[in-house]
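With CSV, C-alpha atoms inside, this is data-v2.csv:
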chain,number,residue,atom,x,y,z
A,1,MET,CA,0.0,0.0,0.0
A,2,LEU,CA,2.8,2.4,0.9
A,3,LYS,CA,5.4,2.9,-1.7
A,4,LEU,CA,9.1,2.8,-0.8
A,5,PRO,CA,10.3,6.4,-0.9
A,6,LEU,CA,14.0,5.7,-1.4
A,7,PRO,CA,15.6,4.0,-4.4
A,8,GLU,CA,15.9,0.2,-4.4
A,9,ASN,CA,19.6,0.1,-3.7
A,10,CYS,CA,19.1,1.5,-0.2
A,11,GLY,CA,17.5,-1.8,0.8
A,12,GLN,CA,14.0,-3.3,0.7
A,13,ASP,CA,13.0,-2.2,4.2
A,14,PHE,CA,10.7,0.6,4.7
A,15,PRO,CA,12.6,3.6,6.1
A,16,ILE,CA,11.2,3.9,9.6
A,17,VAL,CA,13.2,4.6,12.8
A,18,GLN,CA,11.5,3.7,16.1
A,19,TYR,CA,13.2,4.1,19.4
A,20,ALA,CA,11.6,4.4,22.8
A,21,ASP,CA,8.6,6.7,22.2
A,22,ASP,CA,9.9,8.5,19.1
A,23,THR,CA,9.1,7.4,15.6
A,24,LEU,CA,10.6,8.8,12.4
A,25,LEU,CA,9.0,8.0,9.1
A,26,ILE,CA,10.1,8.9,5.6
A,27,LEU,CA,7.3,9.1,3.0
A,28,GLU,CA,6.8,10.4,-0.5
A,29,ALA,CA,5.1,13.8,-0.6
A,30,CYS,CA,1.9,12.6,-2.1
A,31,PRO,CA,-1.6,13.1,-0.5
A,32,ARG,CA,-2.6,9.5,-1.5
A,33,GLN,CA,0.3,8.0,0.4
A,34,LEU,CA,-0.4,10.2,3.5
A,35,PHE,CA,-4.0,9.0,3.4
A,36,PHE,CA,-2.9,5.4,3.4
A,37,LEU,CA,-0.6,6.2,6.3
A,38,ARG,CA,-3.4,7.7,8.2
A,39,ALA,CA,-5.6,4.6,7.6
A,40,VAL,CA,-2.8,2.4,8.8
A,41,LEU,CA,-2.3,4.4,12.0
A,42,ASN,CA,-6.1,4.6,12.6
A,43,SER,CA,-6.6,0.8,12.3
A,44,PHE,CA,-3.6,0.4,14.6
A,45,ALA,CA,-5.3,2.7,17.1
A,46,PHE,CA,-8.6,0.9,16.7
A,47,SER,CA,-7.1,-2.5,17.3
A,48,THR,CA,-4.7,-1.7,20.1
A,49,GLY,CA,-6.1,1.4,21.7
A,50,LEU,CA,-2.8,3.3,21.2
A,51,LYS,CA,-3.7,6.5,19.5
A,52,VAL,CA,-1.2,8.8,17.8
A,53,ASN,CA,-1.3,12.4,19.0
A,54,TYR,CA,-1.1,14.3,15.8
A,55,ASN,CA,-0.7,17.6,17.6
A,56,LYS,CA,2.6,16.4,19.0
A,57,SER,CA,3.8,15.2,15.6
A,58,SER,CA,5.5,17.3,13.0
A,59,MET,CA,6.0,17.0,9.3
A,60,TYR,CA,9.4,18.1,7.8
A,61,PRO,CA,9.5,18.9,4.1
A,62,ILE,CA,12.4,17.8,1.9
A,63,ASN,CA,12.2,19.6,-1.4
A,64,VAL,CA,8.4,20.3,-1.2
A,65,SER,CA,6.8,23.6,-1.9
A,66,PRO,CA,5.1,25.4,1.0
A,67,ALA,CA,1.7,25.4,-0.7
A,68,LYS,CA,1.8,21.7,-1.2
A,69,MET,CA,3.1,21.2,2.3
A,70,ALA,CA,0.1,23.1,3.8
A,71,ILE,CA,-2.3,20.7,2.1
A,72,LEU,CA,-0.3,17.6,3.2
A,73,ALA,CA,-0.1,18.8,6.8
A,74,GLY,CA,-3.9,19.4,6.7
A,75,THR,CA,-4.4,15.7,5.8
A,76,LEU,CA,-2.8,14.6,9.1
A,77,ASN,CA,-3.6,17.7,11.1
A,78,CYS,CA,-0.1,18.1,12.3
A,79,GLN,CA,2.5,21.0,12.4
A,80,ILE,CA,5.0,21.8,9.8
A,81,GLY,CA,8.5,21.9,11.1
A,82,SER,CA,11.8,22.8,9.4
A,83,MET,CA,15.3,21.3,9.5
A,84,PRO,CA,17.2,21.1,11.7
A,85,PHE,CA,15.0,19.4,14.3
A,86,THR,CA,15.8,17.2,17.3
A,87,TYR,CA,15.3,13.5,17.3
A,88,LEU,CA,15.8,11.9,20.7
A,89,GLY,CA,17.6,15.1,21.7
A,90,THR,CA,20.1,15.0,18.9
A,91,PRO,CA,20.0,17.9,16.4
A,92,LEU,CA,19.2,16.4,13.0
A,93,GLY,CA,19.6,18.4,9.9
A,94,LEU,CA,21.4,18.7,6.5
A,95,SER,CA,24.0,21.1,7.6
A,96,LYS,CA,26.5,21.1,10.4
A,97,PRO,CA,24.8,21.9,13.7
A,98,LYS,CA,25.7,25.5,14.8
A,99,ILE,CA,26.8,26.4,18.3
A,100,ARG,CA,23.3,27.6,19.1
A,101,HIS,CA,21.9,24.1,18.5
A,102,PHE,CA,24.0,23.0,21.5
A,103,LEU,CA,22.5,25.6,23.7
A,104,PRO,CA,19.9,23.2,25.3
A,105,LEU,CA,22.8,21.1,26.5
A,106,ILE,CA,24.6,24.1,28.0
A,107,GLN,CA,21.3,25.2,29.7
A,108,ARG,CA,20.8,21.8,31.2
A,109,ILE,CA,24.3,22.0,32.7
A,110,GLN,CA,23.7,25.6,33.9
A,111,LYS,CA,20.5,24.5,35.7
A,112,ARG,CA,22.4,21.7,37.4
A,113,LEU,CA,25.0,24.2,38.6
A,114,SER,CA,22.5,26.6,40.2
A,115,CYS,CA,21.0,23.8,42.2
A,116,THR,CA,24.2,22.2,43.4
A,117,SER,CA,24.5,22.6,47.1
A,118,ALA,CA,27.0,25.1,48.6
A,119,LEU,CA,27.1,22.7,51.5
A,120,LEU,CA,29.0,20.1,49.6
A,121,SER,CA,32.6,19.5,50.5
A,122,GLN,CA,35.4,19.7,47.9
A,123,ALA,CA,35.3,15.9,47.4
A,124,GLY,CA,31.5,16.0,47.1
A,125,ARG,CA,31.8,18.6,44.4
A,126,LEU,CA,34.4,16.6,42.6
A,127,GLU,CA,32.1,13.6,42.6
A,128,LEU,CA,29.3,15.8,41.3
A,129,VAL,CA,31.4,17.1,38.4
A,130,ASN,CA,32.5,13.6,37.4
A,131,SER,CA,29.2,11.9,37.6
A,132,VAL,CA,26.8,14.6,36.4
A,133,PHE,CA,28.6,17.4,34.5
A,134,SER,CA,30.9,15.2,32.6
A,135,ALA,CA,28.2,12.7,31.9
A,136,LEU,CA,25.6,15.1,30.5
A,137,PRO,CA,27.3,15.7,27.1
A,138,THR,CA,28.1,12.0,26.6
A,139,PHE,CA,24.9,11.3,24.7
A,140,LEU,CA,25.5,14.0,22.1
A,141,MET,CA,29.2,13.1,21.9
A,142,CYS,CA,28.3,9.6,20.9
A,143,THR,CA,27.1,10.9,17.5
A,144,LEU,CA,28.5,14.4,16.9
A,145,LYS,CA,31.8,16.1,17.1
A,146,ILE,CA,31.1,18.9,19.6
A,147,PRO,CA,32.4,22.3,18.6
A,148,VAL,CA,35.4,23.6,20.6
A,149,THR,CA,33.5,26.6,21.8
A,150,THR,CA,30.8,24.4,23.3
A,151,ILE,CA,33.4,22.3,25.0
A,152,LYS,CA,35.0,25.4,26.5
A,153,LYS,CA,31.7,26.5,27.8
A,154,ILE,CA,30.9,23.2,29.4
A,155,ASP,CA,34.4,23.2,30.9
A,156,SER,CA,33.9,26.6,32.4
A,157,TYR,CA,30.9,25.2,34.3
A,158,ARG,CA,32.8,22.2,35.4
A,159,LYS,CA,35.6,24.4,36.7
A,160,HIS,CA,33.2,26.7,38.4
A,161,CYS,CA,31.4,23.8,40.1
A,162,LEU,CA,34.6,22.2,41.3
A,163,TRP,CA,36.3,25.3,42.7
A,164,ARG,CA,33.5,27.8,43.5
A,165,GLY,CA,30.3,25.8,44.1
A,166,ASN,CA,27.1,27.3,42.9
A,167,ASP,CA,27.8,31.0,43.5
A,168,VAL,CA,28.0,32.4,40.0
A,169,ASN,CA,29.6,35.7,41.0
A,170,SER,CA,32.3,34.2,43.2
A,171,LYS,CA,35.9,35.0,42.1
A,172,LYS,CA,37.6,32.4,44.2
A,173,PRO,CA,40.7,31.2,42.3
A,174,ALA,CA,41.3,27.6,41.2
A,175,LEU,CA,43.7,25.6,43.3
A,176,ALA,CA,45.3,23.6,40.5
A,177,ALA,CA,45.8,24.0,36.7
A,178,TRP,CA,43.0,22.5,34.5
A,179,SER,CA,45.5,20.7,32.4
A,180,MET,CA,46.7,18.9,35.4
A,181,ILE,CA,43.3,18.0,36.6
A,182,THR,CA,42.2,16.5,33.3
A,183,GLN,CA,45.0,13.9,33.3
A,184,THR,CA,44.0,10.3,33.6
A,185,LYS,CA,44.1,8.6,37.0
A,186,LYS,CA,47.1,6.7,36.0
A,187,MET,CA,49.0,9.9,35.3
A,188,GLY,CA,48.3,11.1,38.7
A,189,ALA,CA,45.1,13.2,38.8
B,1,MET,CA,38.5,14.1,35.4
B,2,VAL,CA,37.8,13.4,31.8
B,3,ARG,CA,38.9,15.7,29.0
B,4,LEU,CA,35.8,16.2,26.9
B,5,GLU,CA,37.7,16.4,23.6
B,6,THR,CA,39.4,13.0,24.2
B,7,HIS,CA,36.1,11.6,25.4
B,8,ASN,CA,34.3,12.8,22.3
B,9,LYS,CA,37.0,11.4,20.0
B,10,ALA,CA,37.0,8.0,21.7
B,11,LEU,CA,33.2,7.8,21.3
B,12,LEU,CA,33.3,8.7,17.6
B,13,LEU,CA,36.2,6.3,16.8
B,14,LYS,CA,33.6,3.5,17.3
B,15,PHE,CA,32.0,4.6,14.1
B,16,LEU,CA,35.2,4.4,12.1
B,17,HIS,CA,35.9,1.0,13.5
B,18,LYS,CA,32.5,-0.2,12.2
B,19,PHE,CA,33.2,1.5,8.9
B,20,PHE,CA,36.6,0.0,8.3
B,21,ASN,CA,35.5,-3.5,9.3
B,22,ASN,CA,32.6,-3.2,6.9
B,23,HIS,CA,29.9,-4.0,9.4
B,24,ASP,CA,26.6,-4.8,7.6
B,25,ILE,CA,24.6,-1.8,8.8
B,26,PRO,CA,22.8,0.7,6.5
B,27,TRP,CA,25.0,3.8,7.1
B,28,VAL,CA,28.2,1.9,6.4
B,29,ASN,CA,26.9,0.5,3.2
B,30,LEU,CA,25.6,4.0,2.2
B,31,VAL,CA,28.9,5.7,2.9
B,32,TRP,CA,30.9,3.1,1.0
B,33,SER,CA,28.6,3.1,-2.0
B,34,ASN,CA,28.1,6.8,-2.2
B,35,TYR,CA,31.6,8.2,-1.5
B,36,TYR,CA,34.0,5.4,-2.3
B,37,ARG,CA,32.7,3.5,-5.2
B,38,THR,CA,35.5,4.8,-7.4
B,39,ALA,CA,39.1,4.3,-6.4
B,40,ARG,CA,39.1,7.0,-3.8
B,41,MET,CA,40.2,5.9,-0.4
B,42,PRO,CA,38.7,7.0,2.9
B,43,GLY,CA,40.9,9.6,4.7
B,44,CYS,CA,42.6,10.9,1.5
B,45,SER,CA,40.1,13.6,0.6
B,46,LYS,CA,37.5,15.5,2.4
B,47,ILE,CA,34.2,14.4,1.0
B,48,GLY,CA,30.7,13.7,2.3
B,49,SER,CA,28.3,15.2,4.7
B,50,PHE,CA,29.4,17.4,7.6
B,51,TRP,CA,29.1,14.4,9.9
B,52,TRP,CA,31.3,12.2,7.8
B,53,LYS,CA,33.8,15.0,7.3
B,54,SER,CA,34.1,15.4,11.1
B,55,LEU,CA,34.7,11.6,11.4
B,56,LEU,CA,37.4,11.8,8.7
B,57,THR,CA,39.5,14.0,10.8
B,58,PHE,CA,40.0,11.0,13.1
B,59,VAL,CA,41.1,8.5,10.5
B,60,GLN,CA,44.8,8.9,11.4
B,61,ASP,CA,44.0,8.4,15.0
B,62,TYR,CA,42.1,5.3,14.2
B,63,LYS,CA,44.9,3.9,12.1
B,64,GLY,CA,47.2,4.5,15.0
B,65,LEU,CA,45.0,2.2,17.1
B,66,ALA,CA,44.3,-0.6,14.6
B,67,ALA,CA,46.4,-2.7,12.2
B,68,PRO,CA,44.8,-4.2,9.1
B,69,LYS,CA,44.6,-7.9,8.2
B,70,ILE,CA,44.3,-8.3,4.4
B,71,GLY,CA,41.1,-9.7,3.0
B,72,ASP,CA,40.4,-8.3,-0.4
B,73,GLY,CA,42.6,-5.2,0.3
B,74,ARG,CA,39.9,-2.7,-0.5
B,75,THR,CA,40.3,-0.6,2.6
B,76,ILE,CA,44.0,-0.7,3.0
B,77,LEU,CA,46.4,1.8,1.6
B,78,PHE,CA,49.5,0.2,0.0
B,79,TRP,CA,52.0,2.8,1.2
B,80,GLU,CA,50.6,4.3,4.4
B,81,ASP,CA,49.0,1.4,6.3
B,82,MET,CA,50.7,-1.2,8.5
B,83,TRP,CA,49.8,-4.4,6.5
B,84,ASN,CA,53.4,-5.6,6.4
B,85,SER,CA,54.7,-5.4,10.0
B,86,GLY,CA,55.6,-1.8,9.3
B,87,ILE,CA,54.5,1.1,7.1
B,88,PRO,CA,56.0,0.6,3.6
B,89,ALA,CA,56.4,4.3,3.0
B,90,ASN,CA,58.7,4.4,6.1
B,91,GLN,CA,60.4,1.0,5.5
B,92,PHE,CA,61.3,1.8,1.9
B,93,PRO,CA,61.5,5.6,1.7
B,94,GLU,CA,63.6,5.7,-1.6
B,95,LEU,CA,61.3,3.3,-3.3
B,96,PHE,CA,58.3,5.3,-2.1
B,97,SER,CA,59.6,8.4,-3.9
B,98,PHE,CA,59.2,6.5,-7.2
B,99,ALA,CA,55.6,5.5,-6.6
B,100,ARG,CA,53.1,6.6,-9.3
B,101,ASN,CA,50.2,6.9,-6.8
B,102,SER,CA,50.9,7.4,-3.2
B,103,LYS,CA,47.3,6.7,-2.2
B,104,LEU,CA,47.1,3.3,-3.9
B,105,SER,CA,45.0,0.6,-2.2
B,106,ILE,CA,46.2,-3.0,-1.9
B,107,LYS,CA,43.3,-4.1,-4.1
B,108,GLU,CA,44.5,-1.9,-6.9
B,109,ALA,CA,48.1,-3.0,-6.5
B,110,LEU,CA,46.9,-6.6,-6.8
B,111,GLN,CA,45.2,-5.9,-10.1
B,112,LYS,CA,48.5,-5.1,-11.7
B,113,GLU,CA,50.2,-8.0,-13.4
B,114,GLN,CA,53.6,-7.0,-12.0
B,115,LEU,CA,54.3,-5.0,-8.9
B,116,ILE,CA,56.8,-2.9,-10.9
B,117,GLU,CA,53.9,-1.3,-12.8
B,118,ILE,CA,53.1,0.9,-9.8
B,119,PHE,CA,56.4,2.7,-10.0
B,120,GLN,CA,57.8,5.5,-12.1
B,121,LEU,CA,60.6,3.9,-14.0
B,122,PRO,CA,63.6,3.8,-14.1
B,123,LEU,CA,64.4,3.2,-10.4
B,124,SER,CA,67.6,4.2,-8.8
B,125,VAL,CA,70.0,1.5,-7.5
B,126,GLN,CA,69.0,2.0,-3.9
B,127,ALA,CA,65.3,1.9,-4.8
B,128,HIS,CA,65.8,-1.2,-6.8
B,129,GLU,CA,67.3,-3.1,-3.8
B,130,GLN,CA,64.3,-2.0,-1.7
B,131,PHE,CA,62.0,-3.1,-4.5
B,132,LEU,CA,63.4,-6.6,-4.4
B,133,ASP,CA,62.7,-6.7,-0.7
B,134,LEU,CA,59.2,-5.5,-1.1
B,135,ASP,CA,58.5,-7.8,-4.0
B,136,ALA,CA,59.6,-10.8,-1.8
B,137,THR,CA,57.0,-9.9,0.9
B,138,TRP,CA,54.5,-9.1,-1.7
B,139,GLY,CA,54.7,-12.6,-3.1
B,140,GLN,CA,53.8,-14.1,0.2
B,141,ILE,CA,50.6,-12.1,0.6
B,142,MET,CA,47.5,-14.2,0.9
B,143,VAL,CA,44.4,-12.7,-0.6
B,144,ASN,CA,40.8,-13.9,-0.3
B,145,ASN,CA,37.5,-12.4,-1.2
B,146,THR,CA,36.4,-11.6,2.3
B,147,ASN,CA,36.5,-8.0,3.8
B,148,ASP,CA,39.6,-6.7,5.4
B,149,THR,CA,39.6,-6.8,9.1
B,150,TRP,CA,41.2,-4.1,11.3
B,151,LYS,CA,42.5,-5.5,14.6
B,152,LEU,CA,42.8,-3.1,17.5
B,153,ILE,CA,46.1,-2.9,19.3
B,154,TRP,CA,44.6,-4.2,22.6
B,155,GLY,CA,43.7,-7.4,20.7
B,156,ALA,CA,40.0,-7.2,20.6
B,157,ASP,CA,37.5,-7.1,17.7
B,158,ILE,CA,35.1,-4.7,19.5
B,159,PHE,CA,36.1,-1.1,20.0
B,160,SER,CA,36.2,0.0,23.6
B,161,THR,CA,35.9,3.6,24.4
B,162,LYS,CA,37.1,3.0,28.0
B,163,LYS,CA,40.3,1.3,26.8
B,164,HIS,CA,41.0,4.2,24.3
B,165,ILE,CA,40.7,6.8,27.0
B,166,SER,CA,43.1,4.9,29.3
B,167,ILE,CA,45.8,4.9,26.7
So, in terms of structure tokens, how does the structure I just supplied come out?
Amino acid sequence: MLKLPLPENCGQDFPIVQYADDTLLILEACPRQLFFLRAVLNSFAFSTGLKVNYNKSSMYPINVSPAKMAILAGTLNCQIGSMPFTYLGTPLGLSKPKIRHFLPLIQRIQKRLSCTSALLSQAGRLELVNSVFSALPTFLMCTLKIPVTTIKKIDSYRKHCLWRGNDVNSKKPALAAWSMITQTKKMGA
Amino acid sequence: MVRLETHNKALLLKFLHKFFNNHDIPWVNLVWSNYYRTARMPGCSKIGSFWWKSLLTFVQDYKGLAAPKIGDGRTILFWEDMWNSGIPANQFPELFSFARNSKLSIKEALQKEQLIEIFQLPLSVQAHEQFLDLDATWGQIMVNNTNDTWKLIWGADIFSTKKHISI
């Protein structure tokens, strides 16, 4: 019923990515195909009781004119988005993600900084930096090469948390050089 | 504490390991068939999407961590990879200066009837001695039609981010 949108040499499987609660579907920009998709989803909802919330779904055009896109989005009653968008928190687009696309990550780290307790000891803060601040970017780093500017920004939060706690205006100096701290355990840090 | 750059690199090298070992996953097949169908070799020119280009900057790092075992020779550079208990370009520097194509793959070299065809003739005396050495090892090479495999220096087939960071 649904046509394969990609050429045959990309494999016979239908291009669908499903992980956890996110589903990504690639489809030809044709009202008939969308209609079929809707029928499939409806019958799925009917038989299992799991409905698709179209308000939470978005449609992303690839080489489709805006006028046609409006009609297509009307068929499914969903929003029209534009590249780059996020899939499972990773920026997804045709061009290299800009520094501003990493802002959500920076903000997440910033939030953690403001709620870290000033009552923690030095060792407690070190543990916090290692298990929270260093771990937050790991998910993105698994797929993308993170820009140097972003890494510097994250590092500045890590330094701040380690030496100065959650007081953003504190000017307390660091007690050891950053290059020494970031050595591996074997090398002595 | 971890250095984020190192951490990032270690996590991304996993992709290159899958790529060079020709794992049967859609993106590996796509990259091979789209960018490297012709004689071009990965790591010699910057081509592809932003994501692939960013991975290509780590090819040299990956090759420092893994040594190839010859299958059909498609992914291995004749001069710059360590297929012969050493890097031929360093082992035979004079001979290397006579090479017609410094980015030749093993597979292409195998397609020549005689190894001498990959050189700019005539060779100097010193280069000729080195050629005889190289030709002797070249004769012992076993080729089959399977994919090349890249073995990691810590002796495992699976790339481990943790091990890379601790190096």
Could you please select, counting all atoms listed in the file, the residues of chain B within 12 Å of chain A and state them as JSON, numbers by chain? {"B": [1, 2, 3, 4, 5, 6, 7, 8, 9, 10, 11, 12, 13, 14, 15, 16, 24, 25, 26, 27, 28, 29, 30, 31, 32, 33, 34, 48, 49, 50, 51, 52, 53, 54, 55, 56, 57, 58, 161, 162, 163, 164, 165, 166, 167]}
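Taking CA of Ile80 in chain A and CA of Val52 in chain A as the two end points, the separation is 16.5 Å.
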Just give me the residues with any atom within 12 Å of (0.1, 6.0, 5.2), file coordinates, counting only C-alpha atoms, written as number ranges by chain. A: 1-5, 14, 25-44, 72, 75-76
To one decimal in Å, tell me the separation between CA of Asn55 in chain A and CA of Cys78 in chain A.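 Computed distance, CA of Asn55 in chain A to CA of Cys78 in chain A, equals 5.4 Å.
Coordinates place CA of Thr150 in chain A at a distance of 27.7 Å from CA of Ser121 in chain A.
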Which of these residues is nearest to Val143 in chain B, using only C-alpha atoms: B:Glu80, B:Glu108, B:Asp61, B:Asp72?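 Of B:Glu80, B:Glu108, B:Asp61, B:Asp72, the one nearest Val143 in chain B, counting only C-alpha atoms, is B:Asp72.
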Smallest atom-to-atom distance to Pro93 in chain B: which of B:Arg74, B:Trp150, B:Gly64, B:Gln126, using only C-alpha atoms? B:Gln126
Radius query 8 Å about (7.6, 27.0, 4.4), atoms used: all atoms listed in the file, as a list in words: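 The distance filter leaves exactly Ser65, Pro66, Ala67, Met69, Ile80 and Ser82 of chain A.
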Residue with smallest distance to Phe98 in chain B - pool B:Thr146, B:Ser160, B:Gln120, B:Asn84, counting only C-alpha atoms: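 Using only C-alpha atoms, the shortest distance to Phe98 in chain B belongs to B:Gln120.
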If you count only C-alpha atoms, which residues fall within 12 Å of Gln114 in chain B, apart from same-chain ones fewer than 3 positions away, as a list of chain:residue names?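 In the requested format, the answer is B:Glu108, B:Ala109, B:Leu110, B:Gln111, B:Glu117, B:Ile118, B:Phe119, B:Phe131, B:Asp135, B:Trp138, B:Gly139.
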Who sits within 12 Å of Gln110 in chain A, only C-alpha atoms, same chain under 6 positions skipped, as a PyMOL selection string: chain A and resi 103-104+116+132-133+136+153-158+160-161+166-168
Convert the current residue selection to file output with C-alpha atoms, as a compact mmCIF listing (two decimals), in the frame of the given file.
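Saved to part_36.txt:
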# COMPACT_ATOMS: atom_id res chain seq x y z
CA LEU A 103 22.50 25.60 23.70
CA PRO A 104 19.90 23.20 25.30
CA THR A 116 24.20 22.20 43.40
CA VAL A 132 26.80 14.60 36.40
CA PHE A 133 28.60 17.40 34.50
CA LEU A 136 25.60 15.10 30.50
CA LYS A 153 31.70 26.50 27.80
CA ILE A 154 30.90 23.20 29.40
CA ASP A 155 34.40 23.20 30.90
CA SER A 156 33.90 26.60 32.40
CA TYR A 157 30.90 25.20 34.30
CA ARG A 158 32.80 22.20 35.40
CA HIS A 160 33.20 26.70 38.40
CA CYS A 161 31.40 23.80 40.10
CA ASN A 166 27.10 27.30 42.90
CA ASP A 167 27.80 31.00 43.50
CA VAL A 168 28.00 32.40 40.00
